[in-house]
Amino acid sequence: MFAGSAPGRVNLIGEHIDYNGGMVLPAALSVGLKVELTPRSDDSVIIRADHYDDIAQRSLDEDATEHWSDPALGALRQARALGLITDGANLTIRSTIPEGSGLSSSAALIVAILKAARAASGSMINDTQIAVEARKVENDFMGVPCGIMDQMAVALAKPGTAMALNTKTLAHDIVELPQSHSVIVVHSGLTRRLTDGRYAERKIECDTAKAHFGTNDLCLIDPADIAGSSLKEPYRKRALHCANEHRRVLTAIEAIKSGDIAALGEAIRASHTSMRNDFEMSLPAIDALVHDAVELGADGARLTGGGFGGCIVAIVEKGRQTAWLKQLLTRHPGARFIGAI
Ligand code: GLA
């Protein structure tokens, strides 16, 4: 039996720019998952998960079927393609990451299985390569055209710290979070799936903008050049979000490093406005949650993750945290506390 694990992640700032050449700032959470992998000598795949009643019995050559076990099956197929396993496997999954919340439960599962398969093979494949292979499972097996942020965060970040990640080069730095404030994750109560088509629609819109400017790196274009271009809507505002969001991430990283919470909060609040108006990935109920989070005393709050549901992330002074959370959940009974860093 071989073990692998990975945490959930929350993105502090930098949304939908990890497939547009931008910088992102995810942080690893204390919720996470653990996988135990026992190689088999046939092509069967038997998957047990503590959060599902049924035991998935699949074959290594099957395609995705929209079953909860798809990411696990895809990870094993990738592990076989990499020579980390030769046949099927029995998997046991224990998870504390809520699914459908935008906290990367799927990326964590794939990464944890690839790490367990690495342990089984004795391979020297490193964590960055594991992240790159895990993204291929999402893109090619699951059909989700996601970027590399989640896989890098859950493969490399240590719980409690943030990772400044350049998604173009995969260069990354650990950023210590401010001692005075907590990063709080609150679920909106609205679940989301990256496979529902809206994530892919935004990706296609960004691809249209990239083709217009003849670049792969929408984030690196000067926002003034986008604003003054002949690119039509909604592509123009999608591109503007990307270029501005990338710059907000750079501001946020500097603000954290210099302890400037006001500047960090401003960047986080501006990010939400941009996601709402330019990238159009929010929902009225989430806008209301973010609005109230700030009104009740958060320095900054924003929708986090792929959008159209899931969680918000807020920066709140430690001494205010308990009262703030109580008031926010009283105003929004459908919302729930997920965790804090
Ligand atoms: C999902 C994707 C990521 C990223 C975010 C949005 O989490 O998996 O690659 O694009 O949405 O920032």
# chains A, B, ... in the order shown; residues from 1 in each chain; ligands from 1

$ residues_around --residues "A:Leu240" --least-positions-apart "3" --cutoff "7 Å" --atoms "only C-alpha atoms" --output "list in words"
Pro223, Ile226, Arg236, Lys237, Ala243 and Asn244 of chain A

$ write_last_selection --atoms "N, CA and C atoms" --output "mmCIF file, in the first residue's frame"
data_model
loop_
_atom_site.group_PDB
_atom_site.id
_atom_site.type_symbol
_atom_site.label_atom_id
_atom_site.label_comp_id
_atom_site.auth_asym_id
_atom_site.auth_seq_id
_atom_site.Cartn_x
_atom_site.Cartn_y
_atom_site.Cartn_z
ATOM 1 N N PRO A 223 -3.324 47.226 -20.299
ATOM 2 C CA PRO A 223 -4.787 47.431 -20.282
ATOM 3 C C PRO A 223 -5.236 48.591 -21.162
ATOM 4 N N ILE A 226 -5.782 47.432 -24.611
ATOM 5 C CA ILE A 226 -7.029 46.654 -24.758
ATOM 6 C C ILE A 226 -8.214 47.616 -24.814
ATOM 7 N N ARG A 236 -13.591 42.182 -25.241
ATOM 8 C CA ARG A 236 -12.789 43.296 -24.756
ATOM 9 C C ARG A 236 -12.784 43.327 -23.222
ATOM 10 N N LYS A 237 -13.977 43.168 -22.632
ATOM 11 C CA LYS A 237 -13.978 43.238 -21.163
ATOM 12 C C LYS A 237 -13.372 41.992 -20.519
ATOM 13 N N ALA A 243 -5.906 41.414 -17.923
ATOM 14 C CA ALA A 243 -4.731 42.294 -17.833
ATOM 15 C C ALA A 243 -4.726 43.051 -16.496
ATOM 16 N N ASN A 244 -5.896 43.509 -16.063
ATOM 17 C CA ASN A 244 -5.967 44.239 -14.794
ATOM 18 C C ASN A 244 -5.782 43.306 -13.595
#

$ residues_near_ligand --ligand "ligand 1" --cutoff "8 Å" --atoms "only C-alpha atoms and all ligand atoms" --output "list in words"
Asn11, Gly14, Glu15, His16, Ile17, Asp18, Tyr19, Gly102, Leu103, Ser104, Ala107, Val144, Pro145, Cys146, Gly147, Ile148, Met149, Asp150, Gln151, Leu194, Tyr199, Thr304, Gly305, Gly306 and Gly307 of chain A

$ residues_around --residues "A:Ser59" --least-positions-apart "6" --cutoff "10 Å" --atoms "only C-alpha atoms" --output "ChimeraX atom specification"
/A:42-46,73,77,87-89

$ residues_around --residues "A:Ala262" --least-positions-apart "6" --cutoff "12 Å" --atoms "only C-alpha atoms" --output "list in words"
His181, Thr251, Ala252, Glu254, Ala255, Ile256, Ile268, Arg269, Ala298, Asp299, Gly300, Ile315, Val316 and Glu317 of chain A

$ write_last_selection --atoms "all heavy atoms" --output "mmCIF file, in the first residue's frame"
data_model
loop_
_atom_site.group_PDB
_atom_site.id
_atom_site.type_symbol
_atom_site.label_atom_id
_atom_site.label_comp_id
_atom_site.auth_asym_id
_atom_site.auth_seq_id
_atom_site.Cartn_x
_atom_site.Cartn_y
_atom_site.Cartn_z
ATOM 1 N N HIS A 181 -4.059 39.277 10.420
ATOM 2 C CA HIS A 181 -5.340 39.029 9.756
ATOM 3 C C HIS A 181 -5.521 37.556 9.408
ATOM 4 O O HIS A 181 -4.555 36.831 9.234
ATOM 5 C CB HIS A 181 -5.433 39.860 8.466
ATOM 6 C CG HIS A 181 -5.695 41.306 8.728
ATOM 7 N ND1 HIS A 181 -4.797 42.119 9.374
ATOM 8 C CD2 HIS A 181 -6.777 42.085 8.431
ATOM 9 C CE1 HIS A 181 -5.301 43.339 9.471
ATOM 10 N NE2 HIS A 181 -6.502 43.343 8.914
ATOM 11 N N THR A 251 0.236 43.746 -7.199
ATOM 12 C CA THR A 251 0.016 44.703 -6.109
ATOM 13 C C THR A 251 -0.214 43.965 -4.787
ATOM 14 O O THR A 251 0.329 44.333 -3.739
ATOM 15 C CB THR A 251 -1.226 45.578 -6.410
ATOM 16 O OG1 THR A 251 -1.014 46.225 -7.657
ATOM 17 C CG2 THR A 251 -1.489 46.596 -5.329
ATOM 18 N N ALA A 252 -1.035 42.912 -4.838
ATOM 19 C CA ALA A 252 -1.374 42.171 -3.616
ATOM 20 C C ALA A 252 -0.133 41.504 -3.021
ATOM 21 O O ALA A 252 0.055 41.509 -1.796
ATOM 22 C CB ALA A 252 -2.445 41.122 -3.921
ATOM 23 N N GLU A 254 3.011 42.472 -3.286
ATOM 24 C CA GLU A 254 3.821 43.519 -2.655
ATOM 25 C C GLU A 254 3.177 43.984 -1.356
ATOM 26 O O GLU A 254 3.856 44.220 -0.360
ATOM 27 C CB GLU A 254 3.989 44.720 -3.606
ATOM 28 C CG GLU A 254 5.001 44.466 -4.707
ATOM 29 C CD GLU A 254 6.276 43.807 -4.188
ATOM 30 O OE1 GLU A 254 6.877 44.322 -3.231
ATOM 31 O OE2 GLU A 254 6.655 42.734 -4.714
ATOM 32 N N ALA A 255 1.849 44.117 -1.366
ATOM 33 C CA ALA A 255 1.136 44.585 -0.171
ATOM 34 C C ALA A 255 1.318 43.597 0.980
ATOM 35 O O ALA A 255 1.553 44.007 2.127
ATOM 36 C CB ALA A 255 -0.349 44.771 -0.490
ATOM 37 N N ILE A 256 1.232 42.305 0.693
ATOM 38 C CA ILE A 256 1.419 41.306 1.764
ATOM 39 C C ILE A 256 2.849 41.387 2.297
ATOM 40 O O ILE A 256 3.084 41.407 3.503
ATOM 41 C CB ILE A 256 1.112 39.877 1.256
ATOM 42 C CG1 ILE A 256 -0.374 39.745 0.917
ATOM 43 C CG2 ILE A 256 1.508 38.845 2.303
ATOM 44 C CD1 ILE A 256 -0.781 38.398 0.354
ATOM 45 N N ILE A 268 -8.182 43.233 -3.508
ATOM 46 C CA ILE A 268 -9.148 42.123 -3.422
ATOM 47 C C ILE A 268 -10.555 42.617 -3.766
ATOM 48 O O ILE A 268 -11.298 41.956 -4.505
ATOM 49 C CB ILE A 268 -9.079 41.466 -2.025
ATOM 50 C CG1 ILE A 268 -7.768 40.672 -1.909
ATOM 51 C CG2 ILE A 268 -10.285 40.587 -1.746
ATOM 52 C CD1 ILE A 268 -7.509 40.072 -0.559
ATOM 53 N N ARG A 269 -10.909 43.795 -3.269
ATOM 54 C CA ARG A 269 -12.251 44.330 -3.574
ATOM 55 C C ARG A 269 -12.374 44.664 -5.059
ATOM 56 O O ARG A 269 -13.383 44.378 -5.704
ATOM 57 C CB ARG A 269 -12.544 45.567 -2.712
ATOM 58 C CG ARG A 269 -12.641 45.242 -1.213
ATOM 59 C CD ARG A 269 -13.255 46.401 -0.417
ATOM 60 N NE ARG A 269 -12.572 47.664 -0.629
ATOM 61 C CZ ARG A 269 -11.487 48.085 0.037
ATOM 62 N NH1 ARG A 269 -10.966 47.322 0.983
ATOM 63 N NH2 ARG A 269 -10.935 49.252 -0.219
ATOM 64 N N ALA A 298 -14.728 43.271 6.872
ATOM 65 C CA ALA A 298 -13.581 42.644 6.189
ATOM 66 C C ALA A 298 -12.813 43.732 5.439
ATOM 67 O O ALA A 298 -13.414 44.655 4.882
ATOM 68 C CB ALA A 298 -14.062 41.576 5.210
ATOM 69 N N ASP A 299 -11.486 43.634 5.430
ATOM 70 C CA ASP A 299 -10.687 44.601 4.661
ATOM 71 C C ASP A 299 -10.859 44.360 3.169
ATOM 72 O O ASP A 299 -10.762 45.286 2.371
ATOM 73 C CB ASP A 299 -9.215 44.471 5.042
ATOM 74 C CG ASP A 299 -9.002 44.908 6.477
ATOM 75 O OD1 ASP A 299 -8.767 46.098 6.702
ATOM 76 O OD2 ASP A 299 -9.128 44.053 7.378
ATOM 77 N N GLY A 300 -11.085 43.120 2.805
ATOM 78 C CA GLY A 300 -11.335 42.796 1.406
ATOM 79 C C GLY A 300 -12.100 41.494 1.327
ATOM 80 O O GLY A 300 -11.991 40.653 2.229
ATOM 81 N N ILE A 315 -10.500 38.853 3.918
ATOM 82 C CA ILE A 315 -9.374 39.160 4.815
ATOM 83 C C ILE A 315 -9.965 39.918 5.998
ATOM 84 O O ILE A 315 -10.557 40.986 5.813
ATOM 85 C CB ILE A 315 -8.340 40.088 4.123
ATOM 86 C CG1 ILE A 315 -7.892 39.513 2.792
ATOM 87 C CG2 ILE A 315 -7.160 40.392 5.036
ATOM 88 C CD1 ILE A 315 -7.016 38.308 2.908
ATOM 89 N N VAL A 316 -9.840 39.344 7.188
ATOM 90 C CA VAL A 316 -10.483 39.940 8.362
ATOM 91 C C VAL A 316 -9.464 40.011 9.514
ATOM 92 O O VAL A 316 -8.734 39.041 9.755
ATOM 93 C CB VAL A 316 -11.703 39.090 8.807
ATOM 94 C CG1 VAL A 316 -12.424 39.747 9.977
ATOM 95 C CG2 VAL A 316 -12.661 38.869 7.648
ATOM 96 N N GLU A 317 -9.461 41.128 10.198
ATOM 97 C CA GLU A 317 -8.564 41.286 11.347
ATOM 98 C C GLU A 317 -8.872 40.199 12.373
ATOM 99 O O GLU A 317 -10.046 39.934 12.655
ATOM 100 C CB GLU A 317 -8.816 42.674 11.952
ATOM 101 C CG GLU A 317 -7.666 43.185 12.772
ATOM 102 C CD GLU A 317 -8.033 44.515 13.419
ATOM 103 O OE1 GLU A 317 -8.712 45.330 12.752
ATOM 104 O OE2 GLU A 317 -7.670 44.699 14.585
#

$ residues_around --residues "stretch 207-212 of chain A" --least-positions-apart "5" --cutoff "10 Å" --atoms "only C-alpha atoms" --output "compact mmCIF listing (two decimals) with N, CA, C and O atoms, in the first residue's frame"
# COMPACT_ATOMS: atom_id res chain seq x y z
N TYR A 19 -4.63 30.58 -17.31
CA TYR A 19 -4.48 30.08 -18.69
C TYR A 19 -4.29 31.25 -19.65
O TYR A 19 -4.47 31.11 -20.86
N ASN A 20 -3.93 32.41 -19.06
CA ASN A 20 -3.69 33.60 -19.87
C ASN A 20 -2.34 34.24 -19.55
O ASN A 20 -2.12 35.42 -19.78
N GLU A 201 -16.78 28.38 -21.58
CA GLU A 201 -17.20 29.54 -22.38
C GLU A 201 -16.24 30.72 -22.17
O GLU A 201 -15.83 31.38 -23.12
N ARG A 202 -15.88 30.96 -20.90
CA ARG A 202 -14.95 32.05 -20.62
C ARG A 202 -13.58 31.78 -21.27
O ARG A 202 -12.92 32.67 -21.76
N ASP A 217 -0.56 35.41 -24.12
CA ASP A 217 -0.48 35.98 -22.77
C ASP A 217 -1.31 37.26 -22.67
O ASP A 217 -0.76 38.37 -22.61
N LEU A 218 -2.59 37.06 -22.58
CA LEU A 218 -3.52 38.18 -22.48
C LEU A 218 -3.16 39.10 -21.32
O LEU A 218 -3.30 40.32 -21.40
N CYS A 219 -2.67 38.50 -20.24
CA CYS A 219 -2.38 39.26 -19.02
C CYS A 219 -1.24 40.25 -19.21
O CYS A 219 -1.13 41.21 -18.45
N ILE A 221 -0.62 42.12 -21.84
CA ILE A 221 -0.94 43.28 -22.68
C ILE A 221 -1.25 44.47 -21.77
O ILE A 221 -1.85 44.31 -20.70
N ILE A 226 -5.78 47.43 -24.61
CA ILE A 226 -7.03 46.65 -24.76
C ILE A 226 -8.21 47.62 -24.81
O ILE A 226 -9.08 47.50 -25.69
N SER A 229 -8.59 49.22 -28.14
CA SER A 229 -8.54 48.35 -29.31
C SER A 229 -9.90 48.23 -29.97
O SER A 229 -10.92 48.66 -29.43
N SER A 230 -9.91 47.58 -31.14
CA SER A 230 -11.17 47.40 -31.88
C SER A 230 -11.85 46.08 -31.49
O SER A 230 -12.84 45.70 -32.10
N LEU A 231 -11.29 45.39 -30.50
CA LEU A 231 -11.88 44.11 -30.07
C LEU A 231 -13.31 44.33 -29.59
O LEU A 231 -13.58 45.26 -28.82
N LYS A 232 -14.20 43.48 -30.04
CA LYS A 232 -15.63 43.64 -29.70
C LYS A 232 -15.93 43.10 -28.29
O LYS A 232 -15.18 42.30 -27.76
N GLU A 233 -17.08 43.52 -27.76
CA GLU A 233 -17.57 42.94 -26.50
C GLU A 233 -18.20 41.58 -26.78
O GLU A 233 -18.71 41.38 -27.87
N PRO A 234 -18.18 40.62 -25.87
CA PRO A 234 -17.66 40.75 -24.51
C PRO A 234 -16.16 40.48 -24.42
O PRO A 234 -15.61 40.50 -23.33
N TYR A 235 -15.51 40.22 -25.59
CA TYR A 235 -14.09 39.81 -25.55
C TYR A 235 -13.21 40.90 -24.95
O TYR A 235 -12.25 40.63 -24.25
N ARG A 236 -13.59 42.18 -25.24
CA ARG A 236 -12.79 43.30 -24.76
C ARG A 236 -12.78 43.33 -23.22
O ARG A 236 -11.76 43.46 -22.58
N LYS A 237 -13.98 43.17 -22.63
CA LYS A 237 -13.98 43.24 -21.16
C LYS A 237 -13.37 41.99 -20.52
O LYS A 237 -12.79 42.07 -19.44
N ARG A 238 -13.48 40.86 -21.20
CA ARG A 238 -12.81 39.66 -20.66
C ARG A 238 -11.30 39.89 -20.63
O ARG A 238 -10.62 39.58 -19.65
N ALA A 239 -10.79 40.45 -21.73
CA ALA A 239 -9.34 40.72 -21.82
C ALA A 239 -8.91 41.77 -20.79
O ALA A 239 -7.86 41.64 -20.16
N LEU A 240 -9.76 42.78 -20.62
CA LEU A 240 -9.43 43.83 -19.64
C LEU A 240 -9.34 43.24 -18.23
O LEU A 240 -8.45 43.57 -17.46

$ residues_around --residues "A:Ile47" --least-positions-apart "2" --cutoff "12 Å" --atoms "only C-alpha atoms" --output "compact mmCIF listing (two decimals) with all heavy atoms, in the first residue's frame"
# COMPACT_ATOMS: atom_id res chain seq x y z
N VAL A 35 -4.90 9.48 0.11
CA VAL A 35 -5.20 8.35 -0.77
C VAL A 35 -4.29 7.19 -0.41
O VAL A 35 -3.10 7.39 -0.13
CB VAL A 35 -4.94 8.78 -2.24
CG1 VAL A 35 -4.87 7.59 -3.14
CG2 VAL A 35 -5.99 9.76 -2.72
N GLU A 36 -4.84 5.98 -0.40
CA GLU A 36 -4.01 4.78 -0.28
C GLU A 36 -4.17 3.99 -1.56
O GLU A 36 -5.30 3.73 -2.00
CB GLU A 36 -4.46 3.93 0.91
CG GLU A 36 -4.13 4.59 2.23
CD GLU A 36 -4.72 3.84 3.43
OE1 GLU A 36 -5.34 2.76 3.22
OE2 GLU A 36 -4.58 4.36 4.54
N LEU A 37 -3.06 3.63 -2.17
CA LEU A 37 -3.08 2.95 -3.46
C LEU A 37 -2.40 1.58 -3.34
O LEU A 37 -1.27 1.50 -2.84
CB LEU A 37 -2.35 3.82 -4.49
CG LEU A 37 -2.24 3.35 -5.94
CD1 LEU A 37 -2.07 4.56 -6.86
CD2 LEU A 37 -1.08 2.39 -6.16
N THR A 38 -3.11 0.54 -3.74
CA THR A 38 -2.52 -0.79 -3.80
C THR A 38 -2.55 -1.27 -5.24
O THR A 38 -3.64 -1.45 -5.80
CB THR A 38 -3.32 -1.78 -2.90
OG1 THR A 38 -3.44 -1.20 -1.60
CG2 THR A 38 -2.61 -3.12 -2.80
N SER A 44 -8.42 -3.90 -13.40
CA SER A 44 -9.55 -3.37 -12.62
C SER A 44 -9.10 -2.20 -11.75
O SER A 44 -7.96 -2.14 -11.29
CB SER A 44 -10.11 -4.44 -11.68
OG SER A 44 -10.63 -5.48 -12.43
N VAL A 45 -10.06 -1.31 -11.52
CA VAL A 45 -9.83 -0.17 -10.63
C VAL A 45 -10.99 -0.17 -9.64
O VAL A 45 -12.15 -0.07 -10.03
CB VAL A 45 -9.83 1.14 -11.45
CG1 VAL A 45 -9.82 2.34 -10.53
CG2 VAL A 45 -8.65 1.18 -12.41
N ALA A 49 -14.44 5.73 -1.38
CA ALA A 49 -14.22 7.08 -0.86
C ALA A 49 -15.13 7.27 0.35
O ALA A 49 -16.30 6.85 0.32
CB ALA A 49 -14.55 8.12 -1.93
N ASP A 50 -14.61 7.89 1.42
CA ASP A 50 -15.41 7.99 2.64
C ASP A 50 -16.62 8.90 2.47
O ASP A 50 -17.54 8.87 3.27
CB ASP A 50 -14.54 8.44 3.84
CG ASP A 50 -13.91 9.81 3.64
OD1 ASP A 50 -14.06 10.41 2.54
OD2 ASP A 50 -13.24 10.28 4.58
N HIS A 51 -16.65 9.72 1.40
CA HIS A 51 -17.78 10.63 1.22
C HIS A 51 -18.75 10.15 0.15
O HIS A 51 -19.62 10.90 -0.27
CB HIS A 51 -17.29 12.05 0.96
CG HIS A 51 -16.18 12.14 -0.04
ND1 HIS A 51 -14.97 11.51 0.11
CD2 HIS A 51 -16.10 12.79 -1.22
CE1 HIS A 51 -14.21 11.76 -0.93
NE2 HIS A 51 -14.86 12.53 -1.76
N TYR A 52 -18.60 8.91 -0.34
CA TYR A 52 -19.57 8.32 -1.27
C TYR A 52 -19.95 6.93 -0.78
O TYR A 52 -19.10 6.20 -0.28
CB TYR A 52 -18.98 8.21 -2.69
CG TYR A 52 -18.87 9.56 -3.36
CD1 TYR A 52 -17.64 10.22 -3.41
CD2 TYR A 52 -19.99 10.18 -3.90
CE1 TYR A 52 -17.54 11.47 -4.00
CE2 TYR A 52 -19.89 11.43 -4.49
CZ TYR A 52 -18.67 12.07 -4.53
OH TYR A 52 -18.58 13.31 -5.10
N ASP A 53 -21.22 6.57 -0.95
CA ASP A 53 -21.68 5.28 -0.46
C ASP A 53 -21.26 4.14 -1.36
O ASP A 53 -20.93 3.05 -0.90
CB ASP A 53 -23.22 5.28 -0.33
CG ASP A 53 -23.65 6.15 0.83
OD1 ASP A 53 -22.82 6.35 1.74
OD2 ASP A 53 -24.80 6.63 0.80
N ASP A 54 -21.32 4.39 -2.70
CA ASP A 54 -21.03 3.27 -3.60
C ASP A 54 -19.52 3.06 -3.77
O ASP A 54 -18.73 3.98 -3.63
CB ASP A 54 -21.70 3.48 -4.97
CG ASP A 54 -21.20 4.73 -5.69
OD1 ASP A 54 -21.04 5.77 -5.02
OD2 ASP A 54 -20.94 4.65 -6.90
N ILE A 55 -19.16 1.81 -4.08
CA ILE A 55 -17.77 1.49 -4.40
C ILE A 55 -17.68 1.50 -5.93
O ILE A 55 -18.46 0.82 -6.60
CB ILE A 55 -17.39 0.10 -3.86
CG1 ILE A 55 -17.49 0.12 -2.32
CG2 ILE A 55 -15.99 -0.29 -4.30
CD1 ILE A 55 -17.30 -1.24 -1.69
N ALA A 56 -16.77 2.29 -6.48
CA ALA A 56 -16.66 2.36 -7.94
C ALA A 56 -15.81 1.19 -8.44
O ALA A 56 -14.69 0.99 -7.96
CB ALA A 56 -16.03 3.68 -8.34
N GLN A 57 -16.37 0.41 -9.37
CA GLN A 57 -15.62 -0.71 -9.95
C GLN A 57 -15.46 -0.39 -11.42
O GLN A 57 -16.43 -0.45 -12.17
CB GLN A 57 -16.39 -2.01 -9.79
CG GLN A 57 -16.82 -2.21 -8.36
CD GLN A 57 -16.91 -3.68 -7.99
OE1 GLN A 57 -16.38 -4.53 -8.69
NE2 GLN A 57 -17.57 -3.96 -6.90
N ARG A 58 -14.26 -0.05 -11.84
CA ARG A 58 -14.06 0.40 -13.21
C ARG A 58 -12.87 -0.31 -13.83
O ARG A 58 -12.12 -1.01 -13.15
CB ARG A 58 -13.85 1.92 -13.21
CG ARG A 58 -15.00 2.60 -12.46
CD ARG A 58 -15.09 4.03 -12.65
NE ARG A 58 -15.29 4.44 -14.04
CZ ARG A 58 -15.52 5.69 -14.39
NH1 ARG A 58 -15.60 6.62 -13.48
NH2 ARG A 58 -15.67 6.00 -15.67
N SER A 59 -12.70 -0.10 -15.13
CA SER A 59 -11.56 -0.69 -15.81
C SER A 59 -10.65 0.45 -16.26
O SER A 59 -11.12 1.55 -16.59
CB SER A 59 -12.05 -1.49 -17.01
OG SER A 59 -11.15 -1.35 -18.07
N LEU A 60 -9.36 0.18 -16.27
CA LEU A 60 -8.37 1.22 -16.58
C LEU A 60 -8.56 1.78 -17.99
O LEU A 60 -8.10 2.89 -18.27
CB LEU A 60 -6.97 0.62 -16.41
CG LEU A 60 -5.81 1.55 -16.09
CD1 LEU A 60 -6.13 2.51 -14.97
CD2 LEU A 60 -4.58 0.74 -15.74
N HIS A 67 -19.00 10.21 -13.52
CA HIS A 67 -19.13 9.57 -12.21
C HIS A 67 -18.13 10.23 -11.27
O HIS A 67 -17.11 10.77 -11.73
CB HIS A 67 -18.85 8.07 -12.35
CG HIS A 67 -19.19 7.28 -11.13
ND1 HIS A 67 -18.26 6.90 -10.20
CD2 HIS A 67 -20.38 6.82 -10.67
CE1 HIS A 67 -18.85 6.22 -9.22
NE2 HIS A 67 -20.14 6.17 -9.48
N TRP A 68 -18.41 10.21 -9.96
CA TRP A 68 -17.50 10.86 -9.01
C TRP A 68 -16.09 10.29 -9.08
O TRP A 68 -15.11 10.97 -8.71
CB TRP A 68 -18.03 10.77 -7.57
CG TRP A 68 -18.22 9.38 -7.01
CD1 TRP A 68 -19.38 8.68 -6.94
CD2 TRP A 68 -17.21 8.53 -6.43
NE1 TRP A 68 -19.17 7.45 -6.36
CE2 TRP A 68 -17.85 7.33 -6.05
CE3 TRP A 68 -15.84 8.66 -6.21
CZ2 TRP A 68 -17.16 6.27 -5.45
CZ3 TRP A 68 -15.15 7.61 -5.62
CH2 TRP A 68 -15.81 6.43 -5.24
N SER A 69 -15.97 9.06 -9.57
CA SER A 69 -14.64 8.42 -9.59
C SER A 69 -13.83 8.80 -10.83
O SER A 69 -12.68 8.35 -10.96
CB SER A 69 -14.81 6.91 -9.51
OG SER A 69 -15.59 6.45 -10.61
N ASP A 70 -14.39 9.62 -11.74
CA ASP A 70 -13.65 9.96 -12.97
C ASP A 70 -12.26 10.55 -12.72
O ASP A 70 -11.29 10.11 -13.36
CB ASP A 70 -14.46 10.96 -13.82
CG ASP A 70 -15.58 10.30 -14.61
OD1 ASP A 70 -15.64 9.05 -14.64
OD2 ASP A 70 -16.39 11.03 -15.21
N PRO A 71 -12.12 11.55 -11.81
CA PRO A 71 -10.76 12.10 -11.63
C PRO A 71 -9.77 11.03 -11.16
O PRO A 71 -8.61 11.03 -11.58
CB PRO A 71 -10.94 13.18 -10.55
CG PRO A 71 -12.40 13.46 -10.49
CD PRO A 71 -13.11 12.25 -10.99
N ALA A 72 -10.25 10.12 -10.30
CA ALA A 72 -9.36 9.06 -9.79
C ALA A 72 -8.96 8.12 -10.93
O ALA A 72 -7.78 7.75 -11.08
CB ALA A 72 -10.06 8.29 -8.67
N LEU A 73 -9.94 7.74 -11.75
CA LEU A 73 -9.64 6.86 -12.88
C LEU A 73 -8.66 7.56 -13.85
O LEU A 73 -7.68 6.96 -14.30
CB LEU A 73 -10.93 6.49 -13.61
CG LEU A 73 -10.77 5.61 -14.85
CD1 LEU A 73 -10.14 4.27 -14.49
CD2 LEU A 73 -12.11 5.40 -15.55
N LEU A 76 -5.16 7.49 -12.53
CA LEU A 76 -4.51 6.18 -12.68
C LEU A 76 -4.08 5.94 -14.13
O LEU A 76 -3.03 5.38 -14.40
CB LEU A 76 -5.43 5.06 -12.21
CG LEU A 76 -5.64 4.97 -10.69
CD1 LEU A 76 -6.66 3.89 -10.35
CD2 LEU A 76 -4.31 4.68 -9.97
N GLY A 88 -4.10 -2.03 -13.01
CA GLY A 88 -5.09 -1.31 -12.21
C GLY A 88 -4.64 -1.14 -10.77
O GLY A 88 -3.48 -1.41 -10.42
N ALA A 89 -5.58 -0.70 -9.94
CA ALA A 89 -5.22 -0.46 -8.52
C ALA A 89 -6.48 -0.42 -7.67
O ALA A 89 -7.58 -0.16 -8.18
CB ALA A 89 -4.47 0.86 -8.39
N ASN A 90 -6.32 -0.68 -6.39
CA ASN A 90 -7.36 -0.40 -5.41
C ASN A 90 -7.02 0.93 -4.76
O ASN A 90 -5.86 1.16 -4.39
CB ASN A 90 -7.39 -1.48 -4.32
CG ASN A 90 -7.79 -2.83 -4.88
OD1 ASN A 90 -8.35 -2.91 -5.98
ND2 ASN A 90 -7.47 -3.89 -4.15
N LEU A 91 -8.04 1.79 -4.64
CA LEU A 91 -7.81 3.11 -4.04
C LEU A 91 -8.77 3.32 -2.88
O LEU A 91 -9.95 2.99 -2.99
CB LEU A 91 -8.10 4.22 -5.04
CG LEU A 91 -7.15 4.44 -6.21
CD1 LEU A 91 -7.72 5.54 -7.11
CD2 LEU A 91 -5.77 4.84 -5.71
N THR A 92 -8.26 3.88 -1.79
CA THR A 92 -9.12 4.32 -0.70
C THR A 92 -8.88 5.81 -0.51
O THR A 92 -7.72 6.25 -0.40
CB THR A 92 -8.76 3.57 0.60
OG1 THR A 92 -8.83 2.18 0.32
CG2 THR A 92 -9.74 3.90 1.71
N ILE A 93 -9.98 6.58 -0.53
CA ILE A 93 -9.86 8.05 -0.46
C ILE A 93 -10.54 8.55 0.81
O ILE A 93 -11.69 8.20 1.08
CB ILE A 93 -10.55 8.69 -1.69
CG1 ILE A 93 -9.95 8.14 -2.99
CG2 ILE A 93 -10.45 10.21 -1.64
CD1 ILE A 93 -10.86 8.35 -4.21
N ARG A 94 -9.81 9.37 1.58
CA ARG A 94 -10.42 10.04 2.74
C ARG A 94 -10.26 11.53 2.54
O ARG A 94 -9.14 12.01 2.36
CB ARG A 94 -9.72 9.62 4.04
CG ARG A 94 -9.99 8.19 4.40
CD ARG A 94 -9.47 7.81 5.78
NE ARG A 94 -9.62 6.38 5.92
CZ ARG A 94 -8.76 5.49 5.45
NH1 ARG A 94 -7.67 5.89 4.84
NH2 ARG A 94 -8.97 4.21 5.59
N LEU A 109 -7.33 15.37 -5.55
CA LEU A 109 -7.46 13.92 -5.70
C LEU A 109 -6.48 13.40 -6.75
O LEU A 109 -5.77 12.41 -6.53
CB LEU A 109 -8.92 13.59 -6.10
CG LEU A 109 -9.23 12.12 -6.33
CD1 LEU A 109 -8.85 11.26 -5.12
CD2 LEU A 109 -10.72 11.93 -6.65
N ILE A 113 -3.21 10.98 -5.97
CA ILE A 113 -3.06 9.65 -6.59
C ILE A 113 -1.73 9.57 -7.36
O ILE A 113 -1.01 8.56 -7.28
CB ILE A 113 -4.26 9.34 -7.51
CG1 ILE A 113 -5.52 9.15 -6.65
CG2 ILE A 113 -4.00 8.09 -8.36
CD1 ILE A 113 -6.81 9.05 -7.43

$ select_by_dssp --residues "stretch 269-301 of chain A" --states "alpha helix (DSSP H)" --output "JSON, numbers by chain"
{"A": [269, 270, 271, 272, 273, 274, 275, 276, 277, 284, 285, 286, 287, 288, 289, 290, 291, 292, 293, 294, 295]}

$ closest_residue --among "A:Ile338, A:Leu165, A:Val290, A:Ala224" --to "A:Pro98" --atoms "only C-alpha atoms"
A:Ile338

$ select_by_dssp --residues "stretch 69-200 of chain A" --states "strand (DSSP E or B)" --output "count of residues only"
23
